[in-house]
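Student: Input structure: final-v5.cif, which contains mmCIF, C-alpha atoms and all ligand atoms.
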```cif
data_work
loop_
_atom_site.label_atom_id
_atom_site.label_comp_id
_atom_site.auth_asym_id
_atom_site.auth_seq_id
_atom_site.Cartn_x
_atom_site.Cartn_y
_atom_site.Cartn_z
CA MET A 721 14.06 -14.53 2.06
CA ARG A 722 10.36 -14.26 1.35
CA ILE A 723 7.89 -11.80 2.78
CA LEU A 724 4.15 -12.27 2.59
CA PHE A 725 2.07 -9.12 2.48
CA VAL A 726 -1.63 -9.70 3.11
CA ALA A 727 -4.04 -7.09 1.74
CA ASP A 728 -6.71 -5.39 3.95
CA ILE A 729 -8.46 -8.06 6.00
CA VAL A 730 -12.19 -7.23 5.89
CA GLY A 731 -14.45 -8.41 8.72
CA ARG A 732 -15.20 -12.00 9.63
CA PRO A 733 -14.91 -13.30 6.03
CA GLY A 734 -11.38 -11.86 5.84
CA ARG A 735 -10.49 -13.32 9.24
CA ARG A 736 -11.89 -16.69 8.17
CA ALA A 737 -9.62 -16.59 5.10
CA ILE A 738 -6.65 -16.02 7.42
CA GLU A 739 -7.68 -18.91 9.70
CA GLN A 740 -8.16 -21.31 6.81
CA LEU A 741 -5.46 -20.27 4.33
CA LEU A 742 -2.57 -18.45 6.00
CA GLU A 743 -0.68 -21.47 7.27
CA LYS A 744 -0.76 -23.15 3.85
CA VAL A 745 0.35 -19.97 2.03
CA VAL A 746 3.27 -19.55 4.45
CA ARG A 747 4.27 -23.18 3.91
CA ASP A 748 3.79 -23.24 0.12
CA TYR A 749 5.74 -20.03 -0.49
CA GLY A 750 8.40 -20.61 2.19
CA VAL A 751 7.52 -17.33 3.89
CA ASP A 752 9.90 -15.95 6.54
CA PHE A 753 7.91 -12.91 7.56
CA THR A 754 4.23 -11.94 7.30
CA ILE A 755 2.66 -8.47 7.30
CA ALA A 756 -1.10 -7.91 7.09
CA ASN A 757 -3.15 -4.74 6.89
CA ALA A 758 -5.94 -5.11 9.46
CA GLU A 759 -7.66 -1.70 9.49
CA ASN A 760 -11.00 -3.29 8.49
CA SER A 761 -10.71 -6.57 10.37
CA ALA A 762 -13.42 -5.81 12.95
CA GLY A 763 -16.85 -5.71 11.31
CA GLY A 764 -15.37 -4.11 8.19
CA MET A 765 -14.31 -0.97 10.07
CA GLY A 766 -11.45 -0.71 12.55
CA ILE A 767 -9.76 -3.32 14.69
CA THR A 768 -10.17 -4.39 18.31
CA PRO A 769 -7.49 -5.69 20.72
CA PRO A 770 -8.86 -9.30 20.79
CA ILE A 771 -8.94 -9.44 16.98
CA ALA A 772 -5.40 -8.02 16.77
CA VAL A 773 -4.13 -10.60 19.29
CA ASP A 774 -5.89 -13.39 17.44
CA LEU A 775 -4.32 -12.39 14.10
CA LEU A 776 -0.86 -12.07 15.66
CA ASN A 777 -1.24 -15.48 17.32
CA GLN A 778 -1.88 -17.04 13.91
CA GLY A 779 1.63 -16.16 12.79
CA ILE A 780 1.28 -12.64 11.39
CA HIS A 781 4.40 -10.79 12.53
CA VAL A 782 3.09 -7.23 12.08
CA LEU A 783 -0.31 -5.65 11.54
CA THR A 784 -0.43 -2.42 9.57
CA SER A 785 -3.45 -0.16 9.21
CA GLY A 786 -4.73 3.11 7.78
CA ASN A 787 -7.49 5.70 7.99
CA HIS A 788 -10.00 3.22 9.49
CA VAL A 789 -7.78 2.20 12.42
CA TRP A 790 -9.54 4.78 14.63
CA ALA A 791 -13.05 3.34 14.15
CA LYS A 792 -13.07 1.22 17.34
CA LYS A 793 -11.96 3.33 20.31
CA GLU A 794 -10.79 0.37 22.39
CA ILE A 795 -7.79 0.05 20.10
CA PHE A 796 -6.34 3.43 21.17
CA PRO A 797 -4.45 2.29 24.31
CA PHE A 798 -3.53 -0.96 22.59
CA LEU A 799 -1.76 0.97 19.81
CA ASP A 800 0.59 2.31 22.48
CA GLU A 801 1.00 -1.02 24.29
CA GLU A 802 1.54 -3.44 21.39
CA SER A 803 4.53 -2.74 19.14
CA ARG A 804 3.37 -5.30 16.52
CA ILE A 805 0.49 -3.12 15.35
CA LEU A 806 1.24 0.04 13.37
CA ARG A 807 -0.79 3.05 12.30
CA PRO A 808 0.39 5.44 9.57
CA ALA A 809 3.48 7.37 10.73
CA ASN A 810 2.39 10.73 9.28
CA TYR A 811 -0.40 11.50 11.79
CA PRO A 812 0.06 14.55 14.03
CA GLU A 813 2.35 14.22 17.00
CA GLY A 814 0.70 12.88 20.14
CA VAL A 815 -1.84 10.50 18.56
CA PRO A 816 -1.72 6.95 19.96
CA GLY A 817 0.59 4.36 18.48
CA ARG A 818 3.57 4.30 16.17
CA GLY A 819 4.16 4.11 12.45
CA ARG A 820 7.29 2.03 12.20
CA GLY A 821 8.87 -0.97 13.87
CA LEU A 822 11.80 -3.31 13.74
CA PHE A 823 11.01 -7.02 13.91
CA SER A 824 12.72 -10.41 13.61
CA ALA A 825 11.90 -12.76 10.75
CA LYS A 826 11.92 -16.57 11.06
CA ASN A 827 15.40 -16.67 9.50
CA GLY A 828 16.71 -14.32 12.20
CA LYS A 829 16.96 -11.28 9.90
CA LYS A 830 15.78 -7.89 11.11
CA VAL A 831 12.87 -6.46 9.11
CA GLY A 832 11.82 -2.82 9.27
CA VAL A 833 8.15 -2.06 8.58
CA LEU A 834 6.80 1.41 7.88
CA ASN A 835 3.16 2.42 7.52
CA LEU A 836 2.27 5.69 5.73
CA GLU A 837 -1.00 7.25 4.60
CA GLY A 838 -1.59 9.26 1.43
CA ARG A 839 -3.06 12.76 1.22
CA VAL A 840 -4.63 12.81 -2.23
CA PHE A 841 -8.44 12.46 -1.79
CA MET A 842 -7.78 11.70 1.89
CA LYS A 843 -7.27 13.58 5.16
CA HIS A 844 -4.75 16.38 5.60
CA LEU A 845 -1.92 14.58 7.30
CA ASP A 846 1.78 15.39 7.42
CA CYS A 847 3.64 14.86 4.15
CA PRO A 848 4.01 11.09 3.67
CA PHE A 849 7.11 11.62 1.52
CA ARG A 850 9.05 13.74 4.03
CA VAL A 851 7.94 11.64 7.00
CA GLY A 852 8.66 8.48 4.99
CA GLU A 853 12.17 9.60 4.12
CA ARG A 854 12.93 10.38 7.77
CA GLU A 855 11.50 7.12 9.08
CA VAL A 856 13.31 5.07 6.43
CA GLU A 857 16.59 6.72 7.41
CA THR A 858 16.00 5.70 11.03
CA LEU A 859 15.19 2.10 10.04
CA ARG A 860 18.20 1.85 7.73
CA ARG A 861 20.51 2.29 10.73
CA GLU A 862 19.30 -1.14 11.85
CA THR A 863 18.47 -3.04 8.65
CA ASN A 864 18.33 -2.76 4.86
CA ILE A 865 15.26 -5.02 4.70
CA ILE A 866 12.38 -2.53 4.85
CA ILE A 867 8.76 -2.92 3.76
CA VAL A 868 6.46 0.07 3.35
CA ASP A 869 2.66 -0.18 3.45
CA PHE A 870 1.51 3.00 1.70
CA HIS A 871 -2.18 3.32 2.52
CA ALA A 872 -3.46 5.70 -0.14
CA GLU A 873 -6.28 6.35 -2.58
CA ALA A 874 -4.62 7.79 -5.68
CA THR A 875 -2.61 5.51 -7.95
CA SER A 876 -0.43 8.48 -8.87
CA GLU A 877 0.56 9.23 -5.27
CA LYS A 878 1.37 5.56 -4.71
CA MET A 879 3.47 5.26 -7.86
CA ALA A 880 5.30 8.44 -6.86
CA MET A 881 6.09 6.91 -3.46
CA GLY A 882 7.47 3.85 -5.21
CA TRP A 883 9.93 5.98 -7.17
CA PHE A 884 10.66 8.20 -4.16
CA LEU A 885 11.77 5.24 -2.03
CA ASN A 886 13.25 3.23 -4.92
CA GLY A 887 16.59 1.78 -3.81
CA LYS A 888 16.04 2.83 -0.19
CA VAL A 889 13.53 0.13 0.79
CA SER A 890 12.85 -3.47 -0.26
CA ALA A 891 9.19 -2.90 -1.15
CA VAL A 892 6.50 -0.25 -1.42
CA LEU A 893 3.11 -1.95 -1.37
CA GLY A 894 -0.16 -0.06 -1.62
CA THR A 895 -3.31 -0.64 0.40
CA HIS A 896 -6.68 1.11 1.00
CA THR A 897 -8.58 0.78 -2.31
CA HIS A 898 -9.27 -2.94 -1.72
CA VAL A 899 -8.91 -3.46 -5.49
CA GLN A 900 -5.84 -5.42 -6.49
CA THR A 901 -3.74 -3.95 -9.28
CA SER A 902 -1.71 -6.00 -11.76
CA ASP A 903 1.30 -3.68 -11.94
CA GLU A 904 3.63 -5.57 -9.59
CA ARG A 905 7.26 -5.10 -10.63
CA ILE A 906 10.79 -4.57 -9.38
CA LEU A 907 11.80 -0.93 -9.88
CA GLU A 908 15.27 -0.35 -11.33
CA ASP A 909 17.06 0.12 -7.99
CA GLY A 910 15.68 -3.07 -6.45
CA THR A 911 12.44 -1.96 -4.78
CA ALA A 912 9.41 -4.20 -5.28
CA TYR A 913 6.32 -2.17 -6.09
CA MET A 914 2.58 -2.79 -6.41
CA THR A 915 -0.04 -0.03 -6.44
CA ASP A 916 -2.58 -2.00 -4.42
CA ALA A 917 -2.35 -5.43 -2.83
CA GLY A 918 -6.15 -5.81 -2.93
CA MET A 919 -8.37 -7.19 -0.18
CA THR A 920 -8.65 -10.28 1.96
CA GLY A 921 -12.39 -10.53 2.11
CA PRO A 922 -15.57 -11.01 0.08
CA LEU A 923 -15.24 -10.15 -3.61
CA ALA A 924 -18.99 -10.25 -4.40
CA SER A 925 -19.27 -6.81 -2.82
CA VAL A 926 -18.33 -3.16 -3.22
CA ILE A 927 -14.81 -3.16 -1.71
CA GLY A 928 -16.01 -5.55 1.01
CA ILE A 929 -19.41 -3.98 1.73
CA ARG A 930 -22.61 -5.82 0.88
CA LYS A 931 -23.42 -4.60 -2.61
CA GLN A 932 -27.11 -3.87 -1.97
CA VAL A 933 -26.19 -1.47 0.85
CA ALA A 934 -23.43 0.20 -1.14
CA LEU A 935 -25.79 0.75 -4.06
CA GLU A 936 -28.58 2.02 -1.83
CA ARG A 937 -26.23 4.61 -0.36
CA LEU A 938 -25.22 5.82 -3.80
CA LEU A 939 -28.77 5.88 -5.16
CA THR A 940 -30.37 7.63 -2.18
CA GLN A 941 -27.46 9.55 -0.60
CA ILE A 942 -28.71 8.26 2.76
CA PRO A 943 -25.81 6.98 4.88
CA TRP A 944 -27.19 3.47 5.50
CA LYS A 945 -25.02 1.50 7.86
CA PHE A 946 -22.45 -0.63 6.06
CA ASP A 947 -22.36 -4.34 6.55
CA VAL A 948 -19.77 -6.79 5.32
CA ALA A 949 -20.55 -9.10 2.40
CA THR A 950 -19.85 -12.82 2.71
CA GLU A 951 -19.51 -14.24 -0.81
CA GLU A 952 -16.49 -15.14 -2.96
CA ILE A 953 -13.88 -14.79 -0.25
CA GLU A 954 -10.22 -14.57 -1.23
CA LEU A 955 -6.91 -14.01 0.48
CA GLN A 956 -5.07 -11.44 -1.64
CA GLY A 957 -1.68 -9.83 -1.42
CA ALA A 958 1.86 -10.37 -2.62
CA VAL A 959 4.94 -12.46 -1.91
CA VAL A 960 8.22 -10.58 -2.24
CA GLU A 961 11.56 -12.33 -2.49
CA ILE A 962 14.36 -10.27 -1.03
CA ASP A 963 18.13 -10.69 -1.04
CA SER A 964 18.65 -10.71 2.71
CA GLU A 965 22.20 -9.33 2.43
CA THR A 966 21.49 -6.30 0.23
CA GLY A 967 17.81 -5.77 1.09
CA LYS A 968 17.04 -5.53 -2.64
CA SER A 969 14.07 -7.39 -4.02
CA LYS A 970 14.48 -10.13 -6.58
CA SER A 971 10.86 -10.82 -7.42
CA ILE A 972 7.29 -9.98 -6.51
CA GLU A 973 4.34 -12.27 -7.07
CA ARG A 974 0.72 -11.20 -6.81
CA ILE A 975 -1.46 -13.71 -5.00
CA ARG A 976 -5.20 -14.46 -4.98
CA ILE A 977 -6.25 -17.54 -3.09
CA PRO A 978 -9.95 -18.44 -2.91
CA LEU A 979 -11.54 -19.76 0.28
CA LYS A 980 -13.67 -22.79 -0.49
CA GLU A 981 -15.60 -22.66 2.79
CA LYS A 982 -18.70 -20.48 2.91
CA VAL A 983 -19.34 -17.83 5.56
CA SER A 984 -22.98 -17.48 6.52
CA PRO A 985 -24.50 -14.00 5.97
CA ASP A 986 -25.87 -14.27 9.54
CA GLU A 987 -22.39 -14.33 11.06
CA LYS A 988 -21.77 -10.77 12.09
CA GLY A 989 -18.46 -8.97 12.59
FE FE B 1 -9.10 -0.90 4.06
FE FE B 2 -8.31 2.64 4.27
#
```
Written as structure tokens, how would this file's structure read?

Tutor:
Amino acid sequence: MRILFVADIVGRPGRRAIEQLLEKVVRDYGVDFTIANAENSAGGMGITPPIAVDLLNQGIHVLTSGNHVWAKKEIFPFLDEESRILRPANYPEGVPGRGRGLFSAKNGKKVGVLNLEGRVFMKHLDCPFRVGEREVETLRRETNIIIVDFHAEATSEKMAMGWFLNGKVSAVLGTHTHVQTSDERILEDGTAYMTDAGMTGPLASVIGIRKQVALERLLTQIPWKFDVATEEIELQGAVVEIDSETGKSKSIERIRIPLKEKVSPDEKG
């Protein structure tokens, strides 16, 4: 079976890429199950309930997230209500939402999805390795097809997670940097790995942000408000082929699909 993993959807340009390209990608690759990281889908920062519903209605089975999921407060109750949106599992007890879920793919197979966040150059959360191990054990009681979105900054921490969960999950796929890496591979015990899936959004930017604003912030140290760029939009991510009996991965393909349509810089959000 094939799983499509869509890298961080950034703002309206990222959402437009989903609207225009997702259906074709699913058809062309024979995808049975789709996961997308949506932590930046609303205006480049956070996610709102209507945007989440809209993405789910377009055929995405599960939305994952990361450190930016808290940016729009209206998502808090929704994280508790809607099981198809995850936030990293290693947040302190009592915060809204959940970090793992069990879902059904188009071919009827159960797929476990786990979202974790790194700690290197990031916030002080619970240990993603220990929490990850525990959560994977819970999911493995139900299925051996498990996909992990490890939302982390440091390549070293991500690679370490790949080896840590090697043979226990079908794939460890990195998000958060918005820069796609070319190190996709199948680790020796059958876990597909890629340090970062990239970004579904505007490439003529600084990780999705309009480049003039990003530069101004760096040159002046004044926290100018970010806005999302609109040029050179791509849908990025990976397609993983998994043996649905063993849960081991057979192949991983990196994808970058350009959107031909233009998004006007005046379109906000
Ligand atoms: Fe992101
Ligand atoms: Fe992030």

Student: Go through A:Phe796, A:Phe849, A:Phe725, A:Trp790 and flag the residue nearest ligand FE 2 (chain B), using only C-alpha atoms and all ligand atoms for the distances.

Tutor: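 Ranked by minimum distance to ligand FE 2 (chain B), first place goes to A:Trp790.
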
Student: Mind checking which residues fall within 9 Å of Leu741 (chain A), counting only C-alpha atoms, ignoring those fewer than 3 positions away in the same chain, and posting them as an MDAnalysis selection string?

Tutor: chainID A and resid 736:738 744:746 955 977:979

Student: Could you report the residues within 6 Å of ligand FE 1 (chain B), using all atoms listed in the file, as a list in words?

Tutor: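 Using all atoms listed in the file, I find these residues within 6 Å of ligand FE 1 (chain B): Asp728, Glu759, Asn760 and His896 of chain A.
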
Student: How would you report the residues lying within 8 Å of ligand FE 2 (chain B), as a list of chain:residue names, if you count all atoms listed in the file?

Tutor: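 Listed by chain and ascending number, the contacts are A:Glu759, A:Asn760, A:Ser785, A:Gly786, A:Asn787, A:His788, A:His871, A:Ala872, A:Thr895, A:His896, A:Thr897.
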
Student: Can you spit out the residues from that selection as a PDB file, in the frame of the given file, using C-alpha atoms?

Tutor:
```
ATOM      1  CA  GLU A 759      -7.660  -1.700   9.490  1.00  0.00           C
ATOM      2  CA  ASN A 760     -11.000  -3.290   8.490  1.00  0.00           C
ATOM      3  CA  SER A 785      -3.450  -0.160   9.210  1.00  0.00           C
ATOM      4  CA  GLY A 786      -4.730   3.110   7.780  1.00  0.00           C
ATOM      5  CA  ASN A 787      -7.490   5.700   7.990  1.00  0.00           C
ATOM      6  CA  HIS A 788     -10.000   3.220   9.490  1.00  0.00           C
ATOM      7  CA  HIS A 871      -2.180   3.320   2.520  1.00  0.00           C
ATOM      8  CA  ALA A 872      -3.460   5.700  -0.140  1.00  0.00           C
ATOM      9  CA  THR A 895      -3.310  -0.640   0.400  1.00  0.00           C
ATOM     10  CA  HIS A 896      -6.680   1.110   1.000  1.00  0.00           C
ATOM     11  CA  THR A 897      -8.580   0.780  -2.310  1.00  0.00           C
TER      12      THR A 897
END
```

Student: Restricting the calculation to all atoms listed in the file, which member of A:Lys970, A:Arg937, A:Lys843, A:Arg930 is positioned closest to Glu952 (chain A)?

Tutor: A:Arg930

Student: May I ask which of the residues A:Gly828, A:Gly779, A:Gly819, A:Gly731 is the closest one to Val983 (chain A), counting only C-alpha atoms?

Tutor: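 Ranking A:Gly828, A:Gly779, A:Gly819, A:Gly731 by distance to Val983 (chain A), first place goes to A:Gly731.
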
Student: Just the number, please: distance in Å from CA of Gly989 (chain A) to CA of Ile953 (chain A), one decimal.

Tutor: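 These two atoms are separated by 14.8 Å.
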
Student: Show me as a PyMOL selection string the residues that reach within 9 Å of (5.8, 10.5, 5.4), counting only C-alpha atoms and using the file's own coordinates.

Tutor: chain A and resi 808-811+835-838+845-855

Student: Contacts between region 884-890 of chain A and region 803-849 of chain A, please, where a residue of region 803-849 of chain A counts if it comes within 10 Å (with all atoms listed in the file); show its shortest atom pair and distance in Å to one decimal, rows by chain and ascending number, as CSV.

Tutor:
```
residue,atom,partner,partner_atom,distance
A:Val831,CA,A:Ser890,CA,9.8
A:Gly832,CA,A:Val889,CA,9.1
A:Val833,CA,A:Val889,CA,9.7
A:Leu834,CA,A:Val889,CA,9.9
A:Phe849,CA,A:Phe884,CA,7.5
```

Student: What lies within 12 Å of Pro816 (chain A) using all atoms listed in the file, ignoring chain neighbours under 2 positions off, as a PDB file with C-alpha atoms, keeping the file's coordinate frame?

Tutor:
```pdb
ATOM      1  CA  VAL A 789      -7.780   2.200  12.420  1.00  0.00           C
ATOM      2  CA  TRP A 790      -9.540   4.780  14.630  1.00  0.00           C
ATOM      3  CA  LYS A 793     -11.960   3.330  20.310  1.00  0.00           C
ATOM      4  CA  GLU A 794     -10.790   0.370  22.390  1.00  0.00           C
ATOM      5  CA  ILE A 795      -7.790   0.050  20.100  1.00  0.00           C
ATOM      6  CA  PHE A 796      -6.340   3.430  21.170  1.00  0.00           C
ATOM      7  CA  PRO A 797      -4.450   2.290  24.310  1.00  0.00           C
ATOM      8  CA  PHE A 798      -3.530  -0.960  22.590  1.00  0.00           C
ATOM      9  CA  LEU A 799      -1.760   0.970  19.810  1.00  0.00           C
ATOM     10  CA  ASP A 800       0.590   2.310  22.480  1.00  0.00           C
ATOM     11  CA  GLU A 801       1.000  -1.020  24.290  1.00  0.00           C
ATOM     12  CA  GLU A 802       1.540  -3.440  21.390  1.00  0.00           C
ATOM     13  CA  SER A 803       4.530  -2.740  19.140  1.00  0.00           C
ATOM     14  CA  ILE A 805       0.490  -3.120  15.350  1.00  0.00           C
ATOM     15  CA  LEU A 806       1.240   0.040  13.370  1.00  0.00           C
ATOM     16  CA  ARG A 807      -0.790   3.050  12.300  1.00  0.00           C
ATOM     17  CA  PRO A 808       0.390   5.440   9.570  1.00  0.00           C
ATOM     18  CA  ALA A 809       3.480   7.370  10.730  1.00  0.00           C
ATOM     19  CA  TYR A 811      -0.400  11.500  11.790  1.00  0.00           C
ATOM     20  CA  PRO A 812       0.060  14.550  14.030  1.00  0.00           C
ATOM     21  CA  GLU A 813       2.350  14.220  17.000  1.00  0.00           C
ATOM     22  CA  GLY A 814       0.700  12.880  20.140  1.00  0.00           C
ATOM     23  CA  ARG A 818       3.570   4.300  16.170  1.00  0.00           C
ATOM     24  CA  GLY A 819       4.160   4.110  12.450  1.00  0.00           C
TER      25      GLY A 819
END
```

Student: What does the distance between CA of Ala772 (chain A) and CA of Ala758 (chain A) come to in Å, to one decimal place?

Tutor: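 CA of Ala758 (chain A) lies at a distance of 7.9 Å from CA of Ala772 (chain A).
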
Student: Tell me which residues come within 8 Å of (19.5, -5.9, -8.0), as a ChimeraX atom specification, counting all atoms listed in the file in the file's coordinates.

Tutor: /A:908-910,968-970

Student: Could you give me, as a PyMOL selection string, the residues within 7 Å of region 915-927 of chain A, counting all atoms listed in the file and dropping anything in the same chain fewer than 3 positions from it?

Tutor: chain A and resi 727-730+733-734+875+878-879+893-895+897-901+903+930-931+934+949-958

Student: Counting only C-alpha atoms, which of A:Thr768, A:Ser824, A:Asn757, A:Asn777 gets nearest to Lys792 (chain A)?

Tutor: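 Looking at the shortest contact to Lys792 (chain A), the residue is A:Thr768.
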
Student: Go through A:Pro769, A:Ala874, A:Gly764, A:Val726 one by one, measure the shortest atom-to-atom distance of each to Lys945 (chain A) using only C-alpha atoms, and give the residue with the smallest value.

Tutor: A:Gly764

Student: Mind giving me the straight-line distance from CA of Arg747 (chain A) to CA of Lys830 (chain A) in Å, one decimal?

Tutor: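 If I compute the distance from CA of Arg747 (chain A) to CA of Lys830 (chain A), I get 20.4 Å.
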
Student: Compare A:Glu743, A:Leu938, A:Arg804, A:Tyr913 by their minimum atom-to-atom distance to Gly821 (chain A), counting all atoms listed in the file, and give me the closest one.

Tutor: A:Arg804
